[in-house]
Amino acid sequence: MSSPYAHADHGSIIGQAGRDLYLQIGERTASPLDRAVEDLAGAVRRQWLREAEARSLLVPGAVRIRWSVPGDLSLADFWRTVASKQLVVVGDAASGKTSAALLLTLDLLARRRPADPVPVLLPISSWNPAEDLHRWAARRLAEDYPALTDRRAYGPDAPLRLVLQPRIVLVLDGLDELPLDLRRAAVTALNFAAAGDYPLIVTCRRADYEQMRSANLPLLGRAAVVAARPVDAESAAQFLTELPDRRWDAVAHHLRAHPHGRLAEVLSSPLMLQLARELYRDPWRHPGELLAMADRADRAQVESHLLGLVLPNAYRTRPRPPETVRAIRREPRYAPAKASRWLAFLARSTTPDLAWWTVKSAVPGYVFGLLAGLLTAVVAAASWFGATLLDSPELVQRQPWMIVGDSALFALISGAAAAKLLASAPRQPLYPSRLALGKAWAAPLRWAAAIARLVVGVGAFTVVVGALGLVAVHQPWLLLFVLLFGSAVPTVLRAHVRWFDRFTRAPLGGWDASSPRMTLRRSRNAAYLVFASFVLCYTALAFTSPLILPWGVVFGTLFALNNAWGAYQLARFWLALRGRLPWRVMRFLDDAHRRELLARAGAVHQFRHDRLRTTFSANAS
């Protein structure tokens with residue numbers, strides 16, 4: 001074809017024969033990696049089927065996107081004809097590239113043979129090109145499908161081996177969403193990773209793709225390139241009149257009479273066309289106002305009008321049938337003004353991926369340190385006061401103020417150390433742990449091994465603390481200086497946090513793909529386990545003196561707060577206190593997903609479209 005957006009390089013099949021060779025499993029016994037491939041295929045299919053249903057992509061009335069491919073081939077069929085197995089999908093803003101990537105993933109899975117690689121859809125916006133693409137993809141596989149890290153079932157480093165062999169097809173969505181300063185490095189890294197016919201599918205905006213070509217920075221030079229075609233006026237008119245609603249007849253007549261008019265330009269975007277039919281479904285809003293607006297406003301104003309109606313429409317109270325009233329009572333209800341303010345804050349303060357563990361970045365470091373110090377000081381004072389009551393109950397009657405003074409001093413030292421350690425937490429990447437407590441009975445040996453390692457870690461940490469204690473015996477002011485202003489204790493704590501995290505990422509869950517709520521629950525379980533391990537170990541040491549126990553409580557609190565879940569709890573408390581977010585953030589995000597304002601991509605939420613994110617951010621300003 002003559003179009004630059006519909007070519008396929010069939011000139012070389014180097015690498016394809018080798019890939020087909022190792023993918024032919026034949027009659028031999030399936031290896032652990034073969035089992036990982038099949039299990040991964042099922043998990044990916046279940047994950048994106050649920051999301052496609054949530055985004056209303058599988059309903060018969062969804063907008064059909066046409067592509068610049070030969071004949072009437074689907075993207076999946078066209079990809080199979082490409083020798084390099086590399087594809088670049090381009091289109092204008094709101095042309096349906098993300099939906100196409102999701103449906104392409106499901107189509108490839110539906111027609112997949114046992115020896116074929118598994119398509120895995122990943123939002124590329126979470127990638128920093130400073131990290132090797134293959135290692136980033138392997139890390140995302142481990143985060144989104146934690147069962148892959150089960151060494152006993154699939155062998156060591158199964159995610160990395162799946163990526164390198166390759167046994168997966170990377171479907172990378174949203175290259176244009178990377179910051180400009182990272183995009184050139186990303187294209188260079190993608191071209192390097194694509195050497196040797198590595199199977200790869202990338203989506204990008206047409207303008208950004210053309211800009212890269214004009215700058216002599218071609219993206220995947222051996223890839224086939226397909227472009228989304230605008231929705232023509234006749235197709236838009238047919239789509240709007242599919243439903244038995246005669247109010248659209250005037251709009252359909254206008255589109256047919258003016259196929260190149262302003263309203264036809266607006267509705268040539270699949271997103272705007274879908275929004276128009278959704279937003280004017282209610283009887284008290286007539287689609288005829290689109291005709292009046294198209295006569296006096298430009299395209300950008302009409303699109304802004306449609307986007308501005310999305311949030312009020314999503315949070316408007318609608319009459320429900322009597323049989324659903326009981327179920328509706330359990331659903332959260334948010335005032336549109338508050339929901340708008342919270343969504344605007346998220347749109348302005350986060351990346352395209354709304355990951356709960358990055359909420360802490362919206363809190364200033366000194367505020368985070370102060371909150372951590374106050375919480376640790378309260379815990380330290382309570383634990384020291386309780387331990388003193390156990391150690392010397394008669395002292396309460398004779399010298400109660402001495403107990404209060406000792407508790408206050410212990411709280412001051414502990415709180416200052418916590419503030420010093422965690423003041424930089426908002427700038428540190430803390431990823432959620434992958435610990436599933438619900439399946440403890442299924443892997444007792446692995447649980448025993450993980451807990452044993454934790455106990456050994458606590459023991460090693462206790463040795464360090466004991467060494468500092470010896471210093472305190474001879475030079476107490478030196479120890480106080482280290483705790484308050486030095487870097488020794490924070491350094492040791494950070495090292496142990498990283499060490500602990502290795503053993504709290506236990507692959508004990510099932511094959512369900514990670515979701516935001518699931519990763520939050522697992523990270524919470526890991527924080528609980530770390531805290532409990534410190535308390536139990538120091539309780540065992542407390543036979544000499546109950547005053548040893550408060551140290552375990554304080555250290556456990558520090559470790560829990562330096563966990564992704566602990567940092568999230570402090571951050572959401574502060575942001576909710578200031579009205580930036582609701583008290584129950586995850587519940588609000590899940591509700592916004594149910595209202596089709598947000599989408600899910602593995603363990604993170606995303607705005608349904610970047611245009612919505614831009615609209616909410618503009619509303620905030």
# chains A, B, ... in the order shown; residues from 1 in each chain; ligands from 1
call {"tool": "residues_around", "arguments": {"residues": "segment 340-345 of chain A", "least_positions_apart": "4", "cutoff": "8 Å", "atoms": "only C-alpha atoms", "output": "ChimeraX atom specification"}}
result
/A:311,336,349,580-582,613,616-620
call {"tool": "residues_around", "arguments": {"residues": "His134 of chain A", "least_positions_apart": "6", "cutoff": "9 Å", "atoms": "only C-alpha atoms", "output": "MDAnalysis selection string"}}
result
chainID A and resid 160 163:164 193
call {"tool": "write_last_selection", "arguments": {"atoms": "all heavy atoms", "output": "PDB file, in the first residue's frame"}}
result
ATOM      1  N   LEU A 160      11.753 -12.985  34.163  1.00  0.00           N
ATOM      2  CA  LEU A 160      12.834 -12.528  33.291  1.00  0.00           C
ATOM      3  C   LEU A 160      13.058 -13.507  32.146  1.00  0.00           C
ATOM      4  O   LEU A 160      13.299 -13.094  31.001  1.00  0.00           O
ATOM      5  CB  LEU A 160      14.114 -12.350  34.106  1.00  0.00           C
ATOM      6  CG  LEU A 160      15.316 -11.754  33.359  1.00  0.00           C
ATOM      7  CD1 LEU A 160      14.961 -10.379  32.821  1.00  0.00           C
ATOM      8  CD2 LEU A 160      16.530 -11.671  34.276  1.00  0.00           C
ATOM      9  N   VAL A 163      10.511 -13.044  29.432  1.00  0.00           N
ATOM     10  CA  VAL A 163      10.746 -11.851  28.625  1.00  0.00           C
ATOM     11  C   VAL A 163      11.902 -12.054  27.656  1.00  0.00           C
ATOM     12  O   VAL A 163      11.830 -11.642  26.487  1.00  0.00           O
ATOM     13  CB  VAL A 163      11.012 -10.641  29.543  1.00  0.00           C
ATOM     14  CG1 VAL A 163      11.458  -9.427  28.736  1.00  0.00           C
ATOM     15  CG2 VAL A 163       9.777 -10.303  30.354  1.00  0.00           C
ATOM     16  N   LEU A 164      12.963 -12.699  28.102  1.00  0.00           N
ATOM     17  CA  LEU A 164      14.177 -12.788  27.298  1.00  0.00           C
ATOM     18  C   LEU A 164      14.104 -13.841  26.209  1.00  0.00           C
ATOM     19  O   LEU A 164      14.757 -13.705  25.172  1.00  0.00           O
ATOM     20  CB  LEU A 164      15.385 -13.062  28.204  1.00  0.00           C
ATOM     21  CG  LEU A 164      15.785 -11.933  29.163  1.00  0.00           C
ATOM     22  CD1 LEU A 164      16.951 -12.367  30.034  1.00  0.00           C
ATOM     23  CD2 LEU A 164      16.138 -10.668  28.395  1.00  0.00           C
ATOM     24  N   ALA A 193      15.969  -3.064  21.848  1.00  0.00           N
ATOM     25  CA  ALA A 193      15.305  -4.279  22.333  1.00  0.00           C
ATOM     26  C   ALA A 193      14.648  -5.045  21.202  1.00  0.00           C
ATOM     27  O   ALA A 193      14.469  -6.264  21.290  1.00  0.00           O
ATOM     28  CB  ALA A 193      14.268  -3.918  23.390  1.00  0.00           C
TER      29      ALA A 193
END
call {"tool": "closest_residue", "arguments": {"among": "A:Gln606, A:Thr388, A:Ser268, A:Ser533", "to": "Ala94 of chain A", "atoms": "only C-alpha atoms"}}
result
A:Ser268
call {"tool": "atom_distance", "arguments": {"atom1": "atom CA of Tyr334 of chain A", "atom2": "atom CA of Asp590 of chain A"}}
result
12.5 Å
call {"tool": "select_by_dssp", "arguments": {"residues": "segment 161-324 of chain A", "states": "alpha helix (DSSP H)", "output": "mmCIF file with N, CA and C atoms, in the first residue's frame"}}
result
data_model
loop_
_atom_site.group_PDB
_atom_site.id
_atom_site.type_symbol
_atom_site.label_atom_id
_atom_site.label_comp_id
_atom_site.auth_asym_id
_atom_site.auth_seq_id
_atom_site.Cartn_x
_atom_site.Cartn_y
_atom_site.Cartn_z
ATOM 1 N N ARG A 161 12.970 -14.806 32.407
ATOM 2 C CA ARG A 161 13.152 -15.779 31.333
ATOM 3 C C ARG A 161 12.020 -15.703 30.320
ATOM 4 N N LEU A 162 10.805 -15.448 30.768
ATOM 5 C CA LEU A 162 9.697 -15.289 29.834
ATOM 6 C C LEU A 162 9.932 -14.105 28.900
ATOM 7 N N VAL A 163 10.511 -13.044 29.432
ATOM 8 C CA VAL A 163 10.746 -11.851 28.625
ATOM 9 C C VAL A 163 11.902 -12.054 27.656
ATOM 10 N N LEU A 164 12.963 -12.699 28.102
ATOM 11 C CA LEU A 164 14.177 -12.788 27.298
ATOM 12 C C LEU A 164 14.104 -13.841 26.209
ATOM 13 N N LEU A 180 8.768 14.348 27.453
ATOM 14 C CA LEU A 180 9.585 14.599 26.264
ATOM 15 C C LEU A 180 11.056 14.295 26.490
ATOM 16 N N ASP A 181 11.558 14.601 27.696
ATOM 17 C CA ASP A 181 12.980 14.392 27.946
ATOM 18 C C ASP A 181 13.340 12.913 28.024
ATOM 19 N N LEU A 182 12.351 12.042 28.164
ATOM 20 C CA LEU A 182 12.613 10.598 28.212
ATOM 21 C C LEU A 182 12.271 9.887 26.910
ATOM 22 N N ARG A 183 11.546 10.580 26.026
ATOM 23 C CA ARG A 183 11.024 9.876 24.853
ATOM 24 C C ARG A 183 12.124 9.448 23.895
ATOM 25 N N ARG A 184 13.121 10.305 23.681
ATOM 26 C CA ARG A 184 14.213 9.936 22.767
ATOM 27 C C ARG A 184 14.966 8.718 23.301
ATOM 28 N N ALA A 185 15.258 8.717 24.586
ATOM 29 C CA ALA A 185 15.929 7.555 25.174
ATOM 30 C C ALA A 185 15.048 6.314 25.080
ATOM 31 N N ALA A 186 13.722 6.498 25.231
ATOM 32 C CA ALA A 186 12.812 5.356 25.149
ATOM 33 C C ALA A 186 12.803 4.763 23.754
ATOM 34 N N VAL A 187 12.787 5.607 22.721
ATOM 35 C CA VAL A 187 12.783 5.108 21.347
ATOM 36 C C VAL A 187 14.080 4.365 21.053
ATOM 37 N N THR A 188 15.194 4.922 21.501
ATOM 38 C CA THR A 188 16.479 4.239 21.299
ATOM 39 C C THR A 188 16.488 2.885 21.988
ATOM 40 N N ALA A 189 15.974 2.824 23.211
ATOM 41 C CA ALA A 189 15.933 1.556 23.938
ATOM 42 C C ALA A 189 14.984 0.561 23.275
ATOM 43 N N LEU A 190 13.856 1.033 22.764
ATOM 44 C CA LEU A 190 12.922 0.146 22.072
ATOM 45 C C LEU A 190 13.545 -0.417 20.800
ATOM 46 N N ASN A 191 14.232 0.427 20.038
ATOM 47 C CA ASN A 191 14.886 -0.061 18.824
ATOM 48 C C ASN A 191 15.953 -1.090 19.142
ATOM 49 N N PHE A 192 16.665 -0.875 20.225
ATOM 50 C CA PHE A 192 17.695 -1.836 20.621
ATOM 51 C C PHE A 192 17.063 -3.161 21.062
ATOM 52 N N ALA A 193 15.969 -3.064 21.848
ATOM 53 C CA ALA A 193 15.305 -4.279 22.333
ATOM 54 C C ALA A 193 14.648 -5.045 21.202
ATOM 55 N N ARG A 206 -0.253 9.950 16.574
ATOM 56 C CA ARG A 206 0.248 10.162 15.221
ATOM 57 C C ARG A 206 1.234 11.333 15.166
ATOM 58 N N ALA A 207 0.893 12.446 15.831
ATOM 59 C CA ALA A 207 1.746 13.626 15.767
ATOM 60 C C ALA A 207 3.122 13.343 16.370
ATOM 61 N N ASP A 208 3.153 12.642 17.489
ATOM 62 C CA ASP A 208 4.438 12.324 18.123
ATOM 63 C C ASP A 208 5.238 11.362 17.258
ATOM 64 N N TYR A 209 4.561 10.403 16.624
ATOM 65 C CA TYR A 209 5.263 9.468 15.740
ATOM 66 C C TYR A 209 5.864 10.207 14.551
ATOM 67 N N GLU A 210 5.102 11.101 13.937
ATOM 68 C CA GLU A 210 5.612 11.866 12.808
ATOM 69 C C GLU A 210 6.762 12.769 13.225
ATOM 70 N N GLN A 211 6.673 13.319 14.427
ATOM 71 C CA GLN A 211 7.755 14.169 14.911
ATOM 72 C C GLN A 211 9.039 13.376 15.068
ATOM 73 N N MET A 212 8.929 12.143 15.550
ATOM 74 C CA MET A 212 10.122 11.315 15.693
ATOM 75 C C MET A 212 10.706 10.959 14.323
ATOM 76 N N ARG A 213 9.846 10.700 13.355
ATOM 77 C CA ARG A 213 10.338 10.390 12.010
ATOM 78 C C ARG A 213 11.047 11.585 11.395
ATOM 79 N N SER A 214 10.478 12.772 11.559
ATOM 80 C CA SER A 214 11.096 13.968 10.981
ATOM 81 C C SER A 214 12.407 14.315 11.668
ATOM 82 N N ALA A 233 -18.746 10.567 8.589
ATOM 83 C CA ALA A 233 -20.035 11.124 8.998
ATOM 84 C C ALA A 233 -21.148 10.088 8.913
ATOM 85 N N GLU A 234 -21.139 9.256 7.873
ATOM 86 C CA GLU A 234 -22.190 8.258 7.726
ATOM 87 C C GLU A 234 -22.135 7.231 8.848
ATOM 88 N N SER A 235 -20.925 6.765 9.206
ATOM 89 C CA SER A 235 -20.797 5.795 10.303
ATOM 90 C C SER A 235 -21.226 6.412 11.627
ATOM 91 N N ALA A 236 -20.895 7.692 11.830
ATOM 92 C CA ALA A 236 -21.302 8.361 13.069
ATOM 93 C C ALA A 236 -22.823 8.484 13.136
ATOM 94 N N ALA A 237 -23.449 8.820 12.004
ATOM 95 C CA ALA A 237 -24.911 8.930 11.992
ATOM 96 C C ALA A 237 -25.570 7.590 12.279
ATOM 97 N N GLN A 238 -25.036 6.515 11.698
ATOM 98 C CA GLN A 238 -25.586 5.185 11.953
ATOM 99 C C GLN A 238 -25.409 4.788 13.417
ATOM 100 N N PHE A 239 -24.264 5.127 13.988
ATOM 101 C CA PHE A 239 -24.008 4.780 15.388
ATOM 102 C C PHE A 239 -24.985 5.500 16.317
ATOM 103 N N LEU A 240 -25.251 6.769 16.056
ATOM 104 C CA LEU A 240 -26.128 7.545 16.925
ATOM 105 C C LEU A 240 -27.591 7.130 16.800
ATOM 106 N N ASP A 249 -32.261 12.010 15.292
ATOM 107 C CA ASP A 249 -32.508 12.067 13.851
ATOM 108 C C ASP A 249 -32.012 13.377 13.249
ATOM 109 N N ALA A 250 -32.241 14.483 13.947
ATOM 110 C CA ALA A 250 -31.788 15.770 13.413
ATOM 111 C C ALA A 250 -30.264 15.832 13.336
ATOM 112 N N VAL A 251 -29.575 15.284 14.348
ATOM 113 C CA VAL A 251 -28.108 15.265 14.329
ATOM 114 C C VAL A 251 -27.603 14.385 13.195
ATOM 115 N N ALA A 252 -28.235 13.209 13.011
ATOM 116 C CA ALA A 252 -27.821 12.317 11.933
ATOM 117 C C ALA A 252 -28.041 12.972 10.567
ATOM 118 N N HIS A 253 -29.164 13.663 10.396
ATOM 119 C CA HIS A 253 -29.420 14.353 9.131
ATOM 120 C C HIS A 253 -28.374 15.434 8.882
ATOM 121 N N HIS A 254 -28.002 16.166 9.929
ATOM 122 C CA HIS A 254 -26.983 17.213 9.790
ATOM 123 C C HIS A 254 -25.632 16.601 9.393
ATOM 124 N N LEU A 255 -25.273 15.478 9.992
ATOM 125 C CA LEU A 255 -23.994 14.847 9.668
ATOM 126 C C LEU A 255 -23.961 14.391 8.210
ATOM 127 N N ARG A 256 -25.066 13.838 7.738
ATOM 128 C CA ARG A 256 -25.099 13.379 6.342
ATOM 129 C C ARG A 256 -25.094 14.559 5.375
ATOM 130 N N ALA A 257 -25.731 15.654 5.780
ATOM 131 C CA ALA A 257 -25.780 16.830 4.909
ATOM 132 C C ALA A 257 -24.471 17.616 4.926
ATOM 133 N N ARG A 262 -18.288 21.085 11.113
ATOM 134 C CA ARG A 262 -17.635 21.139 12.420
ATOM 135 C C ARG A 262 -18.084 19.999 13.331
ATOM 136 N N LEU A 263 -19.390 19.707 13.336
ATOM 137 C CA LEU A 263 -19.880 18.629 14.184
ATOM 138 C C LEU A 263 -19.361 17.283 13.707
ATOM 139 N N ALA A 264 -19.242 17.097 12.412
ATOM 140 C CA ALA A 264 -18.681 15.852 11.883
ATOM 141 C C ALA A 264 -17.220 15.701 12.293
ATOM 142 N N GLU A 265 -16.484 16.820 12.351
ATOM 143 C CA GLU A 265 -15.090 16.764 12.803
ATOM 144 C C GLU A 265 -15.017 16.323 14.261
ATOM 145 N N VAL A 266 -15.905 16.880 15.095
ATOM 146 C CA VAL A 266 -15.895 16.515 16.510
ATOM 147 C C VAL A 266 -16.223 15.033 16.685
ATOM 148 N N PRO A 270 -13.617 8.597 18.037
ATOM 149 C CA PRO A 270 -14.414 7.566 18.724
ATOM 150 C C PRO A 270 -14.782 7.935 20.150
ATOM 151 N N LEU A 271 -13.861 8.604 20.876
ATOM 152 C CA LEU A 271 -14.162 8.986 22.253
ATOM 153 C C LEU A 271 -15.315 9.983 22.291
ATOM 154 N N MET A 272 -15.256 11.021 21.457
ATOM 155 C CA MET A 272 -16.311 12.031 21.469
ATOM 156 C C MET A 272 -17.637 11.453 21.007
ATOM 157 N N LEU A 273 -17.597 10.560 20.044
ATOM 158 C CA LEU A 273 -18.827 9.940 19.561
ATOM 159 C C LEU A 273 -19.473 9.100 20.652
ATOM 160 N N GLN A 274 -18.660 8.316 21.358
ATOM 161 C CA GLN A 274 -19.189 7.494 22.449
ATOM 162 C C GLN A 274 -19.715 8.374 23.579
ATOM 163 N N LEU A 275 -18.978 9.433 23.912
ATOM 164 C CA LEU A 275 -19.416 10.326 24.981
ATOM 165 C C LEU A 275 -20.731 11.012 24.622
ATOM 166 N N ALA A 276 -20.864 11.433 23.361
ATOM 167 C CA ALA A 276 -22.083 12.127 22.961
ATOM 168 C C ALA A 276 -23.305 11.245 23.177
ATOM 169 N N ARG A 277 -23.202 9.981 22.788
ATOM 170 C CA ARG A 277 -24.363 9.108 22.960
ATOM 171 C C ARG A 277 -24.621 8.805 24.431
ATOM 172 N N GLU A 278 -23.562 8.684 25.231
ATOM 173 C CA GLU A 278 -23.741 8.415 26.659
ATOM 174 C C GLU A 278 -24.334 9.622 27.385
ATOM 175 N N LEU A 279 -23.807 10.820 27.085
ATOM 176 C CA LEU A 279 -24.175 12.007 27.857
ATOM 177 C C LEU A 279 -25.578 12.499 27.534
ATOM 178 N N GLY A 288 -29.965 18.080 20.464
ATOM 179 C CA GLY A 288 -30.052 19.212 19.551
ATOM 180 C C GLY A 288 -29.141 20.364 19.937
ATOM 181 N N GLU A 289 -28.738 20.451 21.219
ATOM 182 C CA GLU A 289 -27.849 21.539 21.622
ATOM 183 C C GLU A 289 -26.469 21.396 20.992
ATOM 184 N N LEU A 290 -26.110 20.186 20.564
ATOM 185 C CA LEU A 290 -24.856 20.021 19.839
ATOM 186 C C LEU A 290 -24.903 20.750 18.506
ATOM 187 N N LEU A 291 -26.070 20.705 17.853
ATOM 188 C CA LEU A 291 -26.211 21.417 16.588
ATOM 189 C C LEU A 291 -26.085 22.918 16.797
ATOM 190 N N ALA A 292 -26.731 23.438 17.816
ATOM 191 C CA ALA A 292 -26.645 24.874 18.090
ATOM 192 C C ALA A 292 -25.223 25.286 18.445
ATOM 193 N N MET A 293 -24.531 24.450 19.214
ATOM 194 C CA MET A 293 -23.160 24.784 19.607
ATOM 195 C C MET A 293 -22.213 24.708 18.417
ATOM 196 N N ALA A 294 -22.433 23.733 17.519
ATOM 197 C CA ALA A 294 -21.547 23.591 16.370
ATOM 198 C C ALA A 294 -21.629 24.797 15.442
ATOM 199 N N ASP A 295 -22.744 25.536 15.473
ATOM 200 C CA ASP A 295 -22.888 26.703 14.605
ATOM 201 C C ASP A 295 -22.102 27.904 15.109
ATOM 202 N N ARG A 296 -21.846 27.945 16.416
ATOM 203 C CA ARG A 296 -21.215 29.153 16.962
ATOM 204 C C ARG A 296 -19.881 28.887 17.671
ATOM 205 N N ARG A 299 -14.174 23.506 17.159
ATOM 206 C CA ARG A 299 -14.102 22.090 17.558
ATOM 207 C C ARG A 299 -13.645 21.938 18.998
ATOM 208 N N ALA A 300 -12.643 22.707 19.398
ATOM 209 C CA ALA A 300 -12.117 22.572 20.757
ATOM 210 C C ALA A 300 -13.185 22.912 21.795
ATOM 211 N N GLN A 301 -14.019 23.904 21.496
ATOM 212 C CA GLN A 301 -15.058 24.290 22.454
ATOM 213 C C GLN A 301 -16.142 23.220 22.566
ATOM 214 N N VAL A 302 -16.507 22.612 21.428
ATOM 215 C CA VAL A 302 -17.503 21.545 21.475
ATOM 216 C C VAL A 302 -16.965 20.349 22.256
ATOM 217 N N GLU A 303 -15.705 19.998 22.034
ATOM 218 C CA GLU A 303 -15.110 18.880 22.765
ATOM 219 C C GLU A 303 -15.002 19.200 24.249
ATOM 220 N N SER A 304 -14.644 20.416 24.579
ATOM 221 C CA SER A 304 -14.576 20.795 25.998
ATOM 222 C C SER A 304 -15.957 20.724 26.644
ATOM 223 N N HIS A 305 -16.983 21.088 25.886
ATOM 224 C CA HIS A 305 -18.348 20.986 26.403
ATOM 225 C C HIS A 305 -18.692 19.533 26.743
ATOM 226 N N LEU A 306 -18.376 18.612 25.846
ATOM 227 C CA LEU A 306 -18.673 17.197 26.094
ATOM 228 C C LEU A 306 -17.873 16.669 27.277
ATOM 229 N N LEU A 307 -16.590 17.001 27.318
ATOM 230 C CA LEU A 307 -15.759 16.521 28.419
ATOM 231 C C LEU A 307 -16.197 17.115 29.753
ATOM 232 N N GLY A 308 -16.680 18.350 29.728
ATOM 233 C CA GLY A 308 -17.134 18.981 30.957
ATOM 234 C C GLY A 308 -18.401 18.363 31.523
ATOM 235 N N LEU A 309 -19.167 17.650 30.693
ATOM 236 C CA LEU A 309 -20.385 17.001 31.162
ATOM 237 C C LEU A 309 -20.135 15.630 31.768
ATOM 238 N N VAL A 310 -18.927 15.099 31.589
ATOM 239 C CA VAL A 310 -18.661 13.715 32.010
ATOM 240 C C VAL A 310 -18.826 13.558 33.511
ATOM 241 N N LEU A 311 -18.178 14.419 34.297
ATOM 242 C CA LEU A 311 -18.218 14.240 35.742
ATOM 243 C C LEU A 311 -19.612 14.497 36.326
ATOM 244 N N PRO A 312 -20.299 15.587 35.975
ATOM 245 C CA PRO A 312 -21.672 15.733 36.503
ATOM 246 C C PRO A 312 -22.583 14.586 36.109
ATOM 247 N N ASN A 313 -22.397 14.065 34.913
ATOM 248 C CA ASN A 313 -23.228 12.943 34.490
ATOM 249 C C ASN A 313 -22.915 11.689 35.293
ATOM 250 N N ALA A 314 -21.646 11.487 35.628
ATOM 251 C CA ALA A 314 -21.261 10.277 36.352
ATOM 252 C C ALA A 314 -21.769 10.287 37.784
#
call {"tool": "atom_distance", "arguments": {"atom1": "atom CA of Val379 of chain A", "atom2": "atom CA of Leu412 of chain A"}}
result
11.1 Å
call {"tool": "select_by_dssp", "arguments": {"residues": "segment 8-245 of chain A", "states": "strand (DSSP E)", "output": "list in words"}}
result
Gln86, Leu87, Val88, Val89, Val90, Gly91, Val118, Pro119, Val120, Leu121, Leu122, Pro123, Ile168, Val169, Leu170, Val171, Leu172, Asp173, Leu200, Ile201, Val202, Thr203, Cys204, Arg205, Ala224, Val225, Val226 and Ala227 of chain A
call {"tool": "write_last_selection", "arguments": {"atoms": "N, CA and C atoms", "output": "short mmCIF file (atom, residue, chain, number, x, y, z; two decimals), in the first residue's frame"}}
result
data_model
loop_
_atom_site.label_atom_id
_atom_site.label_comp_id
_atom_site.auth_asym_id
_atom_site.auth_seq_id
_atom_site.Cartn_x
_atom_site.Cartn_y
_atom_site.Cartn_z
N GLN A 86 6.47 -7.12 14.69
CA GLN A 86 6.52 -5.82 15.35
C GLN A 86 5.50 -4.90 14.70
N LEU A 87 4.78 -4.15 15.52
CA LEU A 87 3.68 -3.33 15.04
C LEU A 87 3.65 -2.01 15.81
N VAL A 88 3.46 -0.93 15.08
CA VAL A 88 3.27 0.39 15.69
C VAL A 88 1.86 0.85 15.34
N VAL A 89 1.06 1.14 16.35
CA VAL A 89 -0.33 1.58 16.18
C VAL A 89 -0.38 3.06 16.51
N VAL A 90 -0.73 3.88 15.52
CA VAL A 90 -0.76 5.32 15.71
C VAL A 90 -2.16 5.83 15.47
N GLY A 91 -2.43 7.00 16.02
CA GLY A 91 -3.74 7.63 15.84
C GLY A 91 -3.76 8.97 16.54
N VAL A 118 2.61 -15.28 24.71
CA VAL A 118 1.45 -14.68 25.37
C VAL A 118 1.53 -13.16 25.25
N PRO A 119 0.50 -12.51 24.71
CA PRO A 119 0.52 -11.04 24.71
C PRO A 119 0.27 -10.49 26.11
N VAL A 120 1.09 -9.54 26.52
CA VAL A 120 0.98 -8.92 27.83
C VAL A 120 0.91 -7.41 27.63
N LEU A 121 -0.21 -6.83 28.04
CA LEU A 121 -0.43 -5.39 27.87
C LEU A 121 0.13 -4.64 29.07
N LEU A 122 1.02 -3.68 28.80
CA LEU A 122 1.63 -2.88 29.86
C LEU A 122 1.58 -1.40 29.47
N PRO A 123 1.18 -0.52 30.37
CA PRO A 123 1.26 0.92 30.08
C PRO A 123 2.71 1.38 30.15
N ILE A 168 6.68 -14.10 25.54
CA ILE A 168 5.57 -13.15 25.61
C ILE A 168 5.70 -12.16 24.46
N VAL A 169 4.59 -11.51 24.14
CA VAL A 169 4.56 -10.38 23.20
C VAL A 169 4.26 -9.13 24.02
N LEU A 170 5.19 -8.21 24.07
CA LEU A 170 4.98 -6.98 24.82
C LEU A 170 4.07 -6.05 24.02
N VAL A 171 2.92 -5.70 24.60
CA VAL A 171 2.01 -4.73 24.03
C VAL A 171 2.12 -3.47 24.88
N LEU A 172 2.88 -2.50 24.41
CA LEU A 172 3.23 -1.32 25.19
C LEU A 172 2.33 -0.16 24.74
N ASP A 173 1.51 0.31 25.66
CA ASP A 173 0.52 1.33 25.32
C ASP A 173 0.94 2.71 25.82
N LEU A 200 6.87 -7.24 19.40
CA LEU A 200 6.63 -5.99 20.10
C LEU A 200 5.50 -5.24 19.42
N ILE A 201 4.61 -4.67 20.21
CA ILE A 201 3.52 -3.82 19.71
C ILE A 201 3.52 -2.55 20.55
N VAL A 202 3.54 -1.39 19.89
CA VAL A 202 3.62 -0.11 20.57
C VAL A 202 2.53 0.80 20.02
N THR A 203 1.84 1.52 20.92
CA THR A 203 0.87 2.53 20.49
C THR A 203 1.44 3.91 20.76
N CYS A 204 1.10 4.85 19.88
CA CYS A 204 1.64 6.21 19.99
C CYS A 204 0.71 7.16 19.23
N ARG A 205 0.68 8.40 19.65
CA ARG A 205 -0.08 9.41 18.91
C ARG A 205 0.59 9.67 17.56
N ALA A 224 5.60 -2.96 11.07
CA ALA A 224 4.47 -2.47 10.30
C ALA A 224 3.79 -1.36 11.08
N VAL A 225 3.27 -0.37 10.37
CA VAL A 225 2.66 0.78 11.01
C VAL A 225 1.22 0.89 10.51
N VAL A 226 0.29 0.93 11.43
CA VAL A 226 -1.13 1.09 11.08
C VAL A 226 -1.67 2.30 11.81
N ALA A 227 -2.60 2.97 11.17
CA ALA A 227 -3.17 4.19 11.75
C ALA A 227 -4.68 4.05 11.88
#
call {"tool": "closest_residue", "arguments": {"among": "A:Val231, A:Leu549, A:Leu430, A:Ala567", "to": "Phe385 of chain A", "atoms": "only C-alpha atoms"}}
result
A:Leu549
call {"tool": "closest_residue", "arguments": {"among": "A:Ala564, A:Ala372, A:Val37, A:Leu102", "to": "Ala527 of chain A", "atoms": "only C-alpha atoms"}}
result
A:Ala564
call {"tool": "residues_around", "arguments": {"residues": "Ala387 of chain A", "least_positions_apart": "4", "cutoff": "8 Å", "atoms": "only C-alpha atoms", "output": "list in words"}}
result
Ser383, Asp391, Pro546, Leu547, Leu549 and Pro550 of chain A
